[in-house]
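Pasted below: data-v1.cif, mmCIF, C-alpha atoms.
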```cif
data_work
#
loop_
_atom_site.label_atom_id
_atom_site.label_comp_id
_atom_site.auth_asym_id
_atom_site.auth_seq_id
_atom_site.Cartn_x
_atom_site.Cartn_y
_atom_site.Cartn_z
CA MET A 14 61.23 50.76 -98.59
CA SER A 15 60.32 48.00 -96.15
CA ALA A 16 59.67 48.72 -92.47
CA PRO A 17 62.82 48.44 -90.28
CA VAL A 18 61.03 46.04 -87.90
CA THR A 19 59.04 43.10 -89.21
CA PRO A 20 55.81 43.00 -87.15
CA ASP A 21 54.74 39.83 -85.36
CA PRO A 22 51.21 38.40 -85.88
CA TRP A 23 50.84 38.11 -82.08
CA THR A 24 51.46 41.83 -81.48
CA ALA A 25 47.85 42.42 -80.37
CA LEU A 26 48.31 39.93 -77.52
CA ARG A 27 51.07 41.96 -75.86
CA ARG A 28 48.55 44.17 -74.08
CA HIS A 29 47.37 41.12 -72.10
CA THR A 30 50.71 39.98 -70.65
CA PRO A 31 54.10 41.28 -69.52
CA ALA A 32 55.70 38.19 -71.09
CA ARG A 33 58.17 38.81 -73.89
CA ILE A 34 56.12 37.80 -76.88
CA ALA A 35 55.68 39.31 -80.34
CA LEU A 36 58.94 41.25 -80.13
CA GLY A 37 59.31 41.60 -83.89
CA ARG A 38 62.44 41.08 -85.96
CA THR A 39 65.01 43.20 -87.72
CA GLY A 40 66.47 40.87 -90.26
CA SER A 41 67.52 37.83 -88.23
CA SER A 42 67.87 39.79 -84.97
CA LEU A 43 65.69 41.35 -82.30
CA PRO A 44 64.96 45.06 -82.60
CA THR A 45 67.40 47.24 -80.69
CA ALA A 46 64.66 48.54 -78.37
CA GLU A 47 63.83 44.99 -77.25
CA VAL A 48 67.48 44.12 -76.68
CA LEU A 49 67.87 47.22 -74.51
CA ALA A 50 64.64 46.45 -72.63
CA PHE A 51 65.91 42.94 -71.86
CA ALA A 52 69.22 44.32 -70.60
CA LEU A 53 67.37 46.77 -68.35
CA ALA A 54 65.16 44.01 -66.92
CA HIS A 55 68.22 41.86 -66.25
CA ALA A 56 69.93 44.76 -64.46
CA GLN A 57 66.82 45.43 -62.36
CA ALA A 58 66.70 41.77 -61.31
CA ARG A 59 70.37 41.82 -60.29
CA ASP A 60 69.91 45.09 -58.41
CA ALA A 61 66.96 43.63 -56.49
CA VAL A 62 69.10 40.70 -55.29
CA HIS A 63 71.98 42.90 -54.15
CA ALA A 64 70.08 45.95 -52.87
CA ALA A 65 70.75 46.77 -49.22
CA PHE A 66 67.90 45.84 -46.89
CA ASP A 67 66.51 48.69 -44.81
CA ALA A 68 65.38 46.57 -41.87
CA GLU A 69 64.96 49.62 -39.63
CA GLY A 70 62.73 51.34 -42.19
CA VAL A 71 60.56 48.24 -42.58
CA ALA A 72 60.31 47.87 -38.81
CA ALA A 73 59.27 51.52 -38.47
CA ALA A 74 56.51 51.05 -41.07
CA ILE A 75 55.21 48.01 -39.19
CA GLU A 76 55.34 49.78 -35.83
CA ALA A 77 53.26 52.57 -37.36
CA LEU A 78 50.51 49.97 -37.74
CA GLY A 79 50.53 49.39 -33.99
CA LEU A 80 52.62 46.21 -33.94
CA ALA A 81 55.79 45.61 -31.97
CA THR A 82 58.84 44.55 -33.96
CA THR A 83 62.18 42.84 -33.42
CA ILE A 84 65.08 42.91 -35.89
CA VAL A 85 67.23 39.78 -36.16
CA ASP A 86 69.97 38.42 -38.40
CA SER A 87 70.43 34.99 -39.86
CA ALA A 88 73.71 33.13 -39.49
CA ALA A 89 74.89 34.56 -42.84
CA PRO A 90 77.36 37.34 -41.95
CA ASP A 91 77.02 39.21 -45.26
CA ARG A 92 75.25 39.15 -48.62
CA ALA A 93 77.96 37.17 -50.39
CA SER A 94 77.79 34.44 -47.77
CA TYR A 95 74.00 34.47 -47.92
CA LEU A 96 73.98 33.89 -51.67
CA ARG A 97 76.64 31.18 -51.57
CA ARG A 98 75.42 29.38 -48.43
CA PRO A 99 71.62 29.01 -48.44
CA ASP A 100 71.84 26.96 -45.24
CA LEU A 101 73.10 29.96 -43.28
CA GLY A 102 70.06 31.98 -44.27
CA ARG A 103 67.80 29.32 -42.75
CA THR A 104 69.43 29.60 -39.32
CA LEU A 105 69.25 32.39 -36.75
CA SER A 106 72.44 33.96 -35.51
CA ALA A 107 73.22 33.58 -31.81
CA ALA A 108 72.23 37.21 -31.26
CA GLY A 109 69.02 36.63 -33.19
CA ARG A 110 68.05 33.72 -30.96
CA ALA A 111 68.80 35.76 -27.86
CA ALA A 112 66.63 38.64 -29.12
CA LEU A 113 63.48 36.50 -29.24
CA ALA A 114 61.83 35.96 -25.89
CA PRO A 115 59.96 32.65 -25.49
CA GLY A 116 56.23 33.17 -25.43
CA SER A 117 52.92 31.95 -26.78
CA CYS A 118 50.86 33.31 -29.67
CA ASP A 119 48.54 32.16 -32.39
CA LEU A 120 50.36 33.92 -35.21
CA ALA A 121 53.93 35.01 -35.77
CA ILE A 122 54.75 37.25 -38.73
CA VAL A 123 58.28 37.27 -40.10
CA ILE A 124 59.44 39.72 -42.78
CA ALA A 125 62.57 38.49 -44.56
CA ASP A 126 64.63 40.23 -47.22
CA GLY A 127 65.09 37.02 -49.24
CA LEU A 128 66.24 37.55 -52.79
CA SER A 129 64.55 40.92 -53.34
CA SER A 130 64.79 43.67 -50.75
CA THR A 131 63.03 45.80 -53.36
CA ALA A 132 59.88 43.69 -52.98
CA VAL A 133 59.94 43.83 -49.19
CA HIS A 134 60.45 47.60 -49.09
CA ALA A 135 57.50 48.11 -51.45
CA HIS A 136 54.96 45.53 -50.31
CA ALA A 137 55.54 44.09 -46.82
CA ALA A 138 53.98 46.86 -44.71
CA PRO A 139 50.95 47.42 -47.02
CA LEU A 140 50.26 43.67 -47.01
CA VAL A 141 50.45 43.46 -43.21
CA GLU A 142 48.10 46.45 -43.03
CA ALA A 143 45.64 44.70 -45.36
CA LEU A 144 45.80 41.52 -43.25
CA LEU A 145 45.26 43.18 -39.86
CA PRO A 146 41.45 43.57 -40.05
CA ALA A 147 41.03 39.80 -40.46
CA VAL A 148 43.56 39.09 -37.70
CA ARG A 149 41.76 41.39 -35.27
CA ALA A 150 38.31 40.15 -36.25
CA ALA A 151 39.41 36.57 -35.56
CA GLY A 152 41.01 37.52 -32.25
CA TRP A 153 44.30 35.84 -33.08
CA ARG A 154 47.12 36.64 -30.67
CA VAL A 155 50.04 38.05 -32.68
CA GLY A 156 53.64 37.93 -31.50
CA PRO A 157 56.14 40.68 -32.25
CA VAL A 158 56.73 41.05 -35.98
CA VAL A 159 60.25 39.82 -36.68
CA VAL A 160 62.21 41.60 -39.42
CA ALA A 161 65.02 39.29 -40.53
CA ARG A 162 68.14 40.18 -42.49
CA GLN A 163 69.87 37.72 -44.87
CA ALA A 164 66.94 35.35 -44.35
CA ARG A 165 65.40 32.47 -46.25
CA VAL A 166 61.99 30.84 -45.88
CA ALA A 167 62.97 28.22 -43.30
CA LEU A 168 64.12 30.91 -40.88
CA GLY A 169 60.45 31.36 -40.06
CA ASP A 170 60.43 27.89 -38.50
CA ALA A 171 63.11 28.84 -35.98
CA VAL A 172 61.42 32.16 -35.21
CA GLY A 173 57.98 30.62 -34.80
CA GLU A 174 59.34 27.89 -32.55
CA LEU A 175 61.09 30.38 -30.26
CA LEU A 176 57.99 32.59 -30.05
CA GLY A 177 55.75 29.63 -29.27
CA ALA A 178 53.57 30.37 -32.31
CA ARG A 179 50.84 28.04 -33.47
CA LEU A 180 51.42 29.30 -37.02
CA VAL A 181 53.94 31.50 -38.79
CA ILE A 182 53.50 33.66 -41.90
CA LEU A 183 56.80 34.61 -43.50
CA LEU A 184 56.85 37.39 -46.07
CA VAL A 185 59.90 37.26 -48.31
CA GLY A 186 61.29 38.86 -51.45
CA GLU A 187 60.98 36.27 -54.21
CA ARG A 188 63.70 35.44 -56.71
CA PRO A 189 63.44 38.25 -59.30
CA GLY A 190 62.24 37.42 -62.77
CA LEU A 191 62.95 39.40 -65.92
CA SER A 192 59.57 41.12 -65.62
CA SER A 193 59.11 41.00 -61.84
CA PRO A 194 62.02 42.29 -59.72
CA ASP A 195 59.64 43.28 -56.89
CA SER A 196 57.52 40.18 -56.26
CA LEU A 197 56.68 39.31 -52.64
CA GLY A 198 55.87 35.80 -51.47
CA ALA A 199 54.12 34.63 -48.28
CA TYR A 200 54.72 31.21 -46.73
CA ILE A 201 52.35 29.78 -44.11
CA THR A 202 53.54 27.01 -41.76
CA PHE A 203 51.52 25.39 -38.99
CA ALA A 204 53.37 24.39 -35.79
CA PRO A 205 56.67 25.91 -36.97
CA ARG A 206 59.82 24.27 -35.73
CA VAL A 207 63.30 23.65 -37.10
CA GLY A 208 63.26 20.80 -39.59
CA ARG A 209 59.97 21.58 -41.31
CA THR A 210 60.08 20.97 -45.06
CA ASP A 211 58.53 22.89 -47.93
CA ALA A 212 55.90 20.15 -48.27
CA MET A 213 54.59 21.34 -44.88
CA ARG A 214 53.96 24.92 -46.06
CA ASN A 215 51.50 26.79 -48.24
CA CYS A 216 52.57 29.69 -50.42
CA VAL A 217 50.86 32.79 -51.75
CA SER A 218 53.13 34.35 -54.38
CA ASN A 219 53.46 37.18 -56.90
CA ILE A 220 52.16 39.84 -54.53
CA ARG A 221 52.76 43.15 -56.31
CA ALA A 222 50.95 45.77 -58.36
CA GLU A 223 51.08 43.73 -61.58
CA GLY A 224 50.23 40.47 -59.82
CA LEU A 225 48.15 39.63 -56.75
CA SER A 226 46.77 42.71 -54.98
CA TYR A 227 47.23 43.30 -51.25
CA ALA A 228 43.53 42.74 -50.62
CA ALA A 229 43.46 39.47 -52.56
CA ALA A 230 46.67 38.24 -50.92
CA ALA A 231 45.40 39.18 -47.44
CA PHE A 232 42.16 37.30 -48.08
CA LYS A 233 44.12 34.18 -49.07
CA LEU A 234 46.43 34.47 -46.06
CA ALA A 235 43.51 34.90 -43.67
CA TRP A 236 41.74 31.91 -45.22
CA HIS A 237 44.85 29.73 -44.94
CA THR A 238 45.45 30.82 -41.35
CA ARG A 239 41.89 30.07 -40.30
CA GLU A 240 41.86 26.68 -42.01
CA ALA A 241 45.33 25.75 -40.75
CA LEU A 242 44.39 26.50 -37.15
CA ARG A 243 41.11 24.61 -37.55
CA LEU A 244 42.63 21.52 -39.17
CA GLY A 245 46.00 21.56 -37.46
CA LEU A 246 48.10 21.43 -40.62
CA THR A 247 49.52 23.25 -43.62
CA GLY A 248 51.25 22.02 -46.76
CA VAL A 249 50.13 19.31 -49.13
CA GLY A 250 47.22 18.42 -46.85
CA LEU A 251 45.72 21.91 -47.07
CA LYS A 252 44.38 22.70 -50.53
CA ASP A 253 43.80 26.33 -51.42
CA GLU A 254 40.03 26.73 -51.72
CA SER A 255 40.02 30.41 -50.85
CA ASP A 256 38.74 31.35 -54.31
CA THR A 257 35.72 29.09 -53.77
CA ALA A 258 35.08 30.78 -50.42
CA LEU A 259 35.25 34.18 -52.08
CA LEU A 260 32.85 33.14 -54.84
CA GLY A 261 30.56 31.74 -52.17
CA GLY A 262 30.04 35.19 -50.75
CA ALA A 263 32.78 35.62 -48.16
CA PRO A 264 33.46 39.34 -47.75
CA ALA A 265 36.59 40.63 -49.43
CA LEU A 266 39.05 42.53 -47.29
CA PRO A 267 39.33 46.28 -47.90
#
```
Would you mind giving the structure from this file in structure tokens?
Amino acid sequence: MSAPVTPDPWTALRRHTPARIALGRTGSSLPTAEVLAFALAHAQARDAVHAAFDAEGVAAAIEALGLATTIVDSAAPDRASYLRRPDLGRTLSAAGRAALAPGSCDLAIVIADGLSSTAVHAHAAPLVEALLPAVRAAGWRVGPVVVARQARVALGDAVGELLGARLVILLVGERPGLSSPDSLGAYITFAPRVGRTDAMRNCVSNIRAEGLSYAAAAFKLAWHTREALRLGLTGVGLKDESDTALLGGAPALP
């Protein structure tokens, strides 16, 4: 009697990647186990998008690191509006603008729920903790960490402008994939102000256990921050050469 699942010649490669390869066949169909695994991954991705954001819990975790926090909302009044109107997620609500006192700092950190609260709950505070030694060693003045609900990447421009920041780092839950519902992204923008485009930012993505570690991500963020403040720019004019710096003997963050 033949085996119920026809093996795939690439089966040995599966241990090297979470990608859906070498799934095997049962007749002309996928094996039942793989169909169920796909359905589970799809459900996890949907759950990540719609999961409620615990802004207070995230703020408490950041405050435990010795940083002040402020919670704000975007102009999107609810999750449905946020998903249907991306523009609202890029704009602060009136109350959010009022909550941010004008000031001056080298670095503003914004933590936004984005499209995966799951990612932010899991990774935002540990990443900030991993970044702090480099921030303190460099002597950068840090504004209050802003935790933003129903927020998209460009909201960091408005926050950074109001705080008088030379540079903003926005941590955000990335759009979930079918193998990565908890991926965190970090966007770095020099001289943040409303109207900045994505071409004026740098991005460090896939920060999670199965992707880029906290230490590696923190090293990249510190490198980008240092170079951005030195050169006075981010975006297409700032090429990521942090790996070269690391290979050249720069100390890795703990």
Considering all atoms listed in the file, return as a tab-separated table (two decimals) with C-alpha atoms, keeping the file's coordinate frame whatever protein or nucleic-acid residues lie within 8 Å of range 239-246 of chain A, sequence-local ones (same chain, fewer than 3 positions apart) excluded.
```tsv
chain	number	residue	atom	x	y	z
A	179	ARG	CA	50.84	28.04	-33.47
A	180	LEU	CA	51.42	29.30	-37.02
A	202	THR	CA	53.54	27.01	-41.76
A	203	PHE	CA	51.52	25.39	-38.99
A	204	ALA	CA	53.37	24.39	-35.79
A	213	MET	CA	54.59	21.34	-44.88
A	235	ALA	CA	43.51	34.90	-43.67
A	236	TRP	CA	41.74	31.91	-45.22
A	250	GLY	CA	47.22	18.42	-46.85
A	251	LEU	CA	45.72	21.91	-47.07
```
Evaluate the PyMOL selection byres ((chain A and resi 143-156) around 9) against this structure - the residues, as a ChimeraX atom specification, please.
/A:78,80-82,116-122,138-142,157-159,176-178,227-228,230-232,234-235,239,266-267
Which residues fall under the PyMOL selection byres ((chain A and resi 255) around 8) in this file, as a list in words?
Phe232, Lys233, Trp236, His237, Asp253, Glu254, Asp256, Thr257, Ala258 and Leu259 of chain A
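Atom pair CA of Asp86 in chain A / CA of Ala161 in chain A has a distance of 5.5 Å (rounded to one decimal).
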For the structure provided, state which residues fall under the PyMOL selection byres ((chain A and resi 194) around 8), and present them as a list in words.
Gln57, Ala58, Ala61, Ser129, Thr131, Ala132, Arg188, Pro189, Gly190, Leu191, Ser192, Ser193, Asp195 and Ser196 of chain A
Return the single residue from A:Val85, A:Ala229, A:Ala167, A:Ala199 that is closest to Asp211 in chain A, with distances computed using only C-alpha atoms.
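Distance minimum relative to Asp211 in chain A lands on A:Ala167.
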Give me, please, the distance in Å between CA of Asp126 in chain A and CA of Gly186 in chain A, quoted to one decimal.
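A separation of 5.6 Å between them.
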Have a look at CA of Arg165 in chain A and CA of Ala88 in chain A and let me know their distance in Å, one decimal.
10.7 Å
Residue list as a PyMOL selection string for point (60.0, 36.1, -47.7), cut-off 6 Å, all atoms listed in the file:
chain A and resi 125+127+166+183-186+198
Looking at only C-alpha atoms, which of A:Leu128, A:Ile201, A:Ala68, A:Val133 is the one that sits closest to Arg162 in chain A?
A:Ala68
For Ala74 in chain A, which residue among A:Val217, A:Ala89, A:Leu43, A:Ala135 is the nearest when counting all atoms listed in the file?
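The answer is A:Ala135, which sits nearest to Ala74 in chain A.
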How big is the axis-aligned box around the listed atoms of range 27-42 of chain A once 3 Å is added on each side, and where is its centre? Give both in Å to one decimal, as JSON.
```
{"center_x": 57.6, "center_y": 41.0, "center_z": -79.9, "size_x": 26.5, "size_y": 12.4, "size_z": 26.7}
```
Considering all atoms listed in the file, state which residue in the set A:Leu168, A:Ile34, A:Ala25, A:Leu175 is at the smallest distance from Asp100 in chain A.
A:Leu168
If I only have part of range 59-77 of chain A, can you fill in N, CA and C atoms and write it as an mmCIF file, in the frame of the given file?
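Heads up, here's the output in selection21.cif:
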```
data_model
loop_
_atom_site.group_PDB
_atom_site.id
_atom_site.type_symbol
_atom_site.label_atom_id
_atom_site.label_comp_id
_atom_site.auth_asym_id
_atom_site.auth_seq_id
_atom_site.Cartn_x
_atom_site.Cartn_y
_atom_site.Cartn_z
ATOM 1 N N ARG A 59 69.115 41.900 -61.048
ATOM 2 C CA ARG A 59 70.370 41.820 -60.290
ATOM 3 C C ARG A 59 70.400 42.846 -59.165
ATOM 4 N N ASP A 60 69.938 44.053 -59.436
ATOM 5 C CA ASP A 60 69.910 45.090 -58.410
ATOM 6 C C ASP A 60 69.018 44.681 -57.243
ATOM 7 N N ALA A 61 67.883 44.041 -57.545
ATOM 8 C CA ALA A 61 66.960 43.630 -56.490
ATOM 9 C C ALA A 61 67.617 42.616 -55.553
ATOM 10 N N VAL A 62 68.419 41.721 -56.105
ATOM 11 C CA VAL A 62 69.100 40.700 -55.290
ATOM 12 C C VAL A 62 70.138 41.335 -54.377
ATOM 13 N N HIS A 63 70.847 42.328 -54.888
ATOM 14 C CA HIS A 63 71.980 42.900 -54.150
ATOM 15 C C HIS A 63 71.644 44.179 -53.384
ATOM 16 N N ALA A 64 70.444 44.700 -53.544
ATOM 17 C CA ALA A 64 70.080 45.950 -52.870
ATOM 18 C C ALA A 64 70.159 45.788 -51.353
ATOM 19 N N ALA A 65 70.667 46.798 -50.678
ATOM 20 C CA ALA A 65 70.750 46.770 -49.220
ATOM 21 C C ALA A 65 69.352 46.757 -48.610
ATOM 22 N N PHE A 66 69.193 45.982 -47.552
ATOM 23 C CA PHE A 66 67.900 45.840 -46.890
ATOM 24 C C PHE A 66 67.776 46.861 -45.768
ATOM 25 N N ASP A 67 66.764 47.685 -45.841
ATOM 26 C CA ASP A 67 66.510 48.690 -44.810
ATOM 27 C C ASP A 67 65.596 48.085 -43.746
ATOM 28 N N ALA A 68 66.171 47.254 -42.892
ATOM 29 C CA ALA A 68 65.380 46.570 -41.870
ATOM 30 C C ALA A 68 64.741 47.573 -40.911
ATOM 31 N N GLU A 69 65.483 48.617 -40.560
ATOM 32 C CA GLU A 69 64.960 49.620 -39.630
ATOM 33 C C GLU A 69 63.760 50.351 -40.237
ATOM 34 N N GLY A 70 63.854 50.669 -41.536
ATOM 35 C CA GLY A 70 62.730 51.340 -42.190
ATOM 36 C C GLY A 70 61.498 50.464 -42.259
ATOM 37 N N VAL A 71 61.687 49.174 -42.544
ATOM 38 C CA VAL A 71 60.560 48.240 -42.580
ATOM 39 C C VAL A 71 59.953 48.104 -41.193
ATOM 40 N N ALA A 72 60.803 47.987 -40.176
ATOM 41 C CA ALA A 72 60.310 47.870 -38.810
ATOM 42 C C ALA A 72 59.505 49.107 -38.407
ATOM 43 N N ALA A 73 59.983 50.289 -38.797
ATOM 44 C CA ALA A 73 59.270 51.520 -38.470
ATOM 45 C C ALA A 73 57.890 51.555 -39.127
ATOM 46 N N ALA A 74 57.805 51.080 -40.363
ATOM 47 C CA ALA A 74 56.510 51.050 -41.070
ATOM 48 C C ALA A 74 55.545 50.079 -40.390
ATOM 49 N N ILE A 75 56.060 48.971 -39.887
ATOM 50 C CA ILE A 75 55.210 48.010 -39.190
ATOM 51 C C ILE A 75 54.772 48.553 -37.840
ATOM 52 N N GLU A 76 55.680 49.202 -37.130
ATOM 53 C CA GLU A 76 55.340 49.780 -35.830
ATOM 54 C C GLU A 76 54.280 50.872 -35.976
ATOM 55 N N ALA A 77 54.284 51.554 -37.114
ATOM 56 C CA ALA A 77 53.260 52.570 -37.360
ATOM 57 C C ALA A 77 51.868 51.970 -37.469
#
```
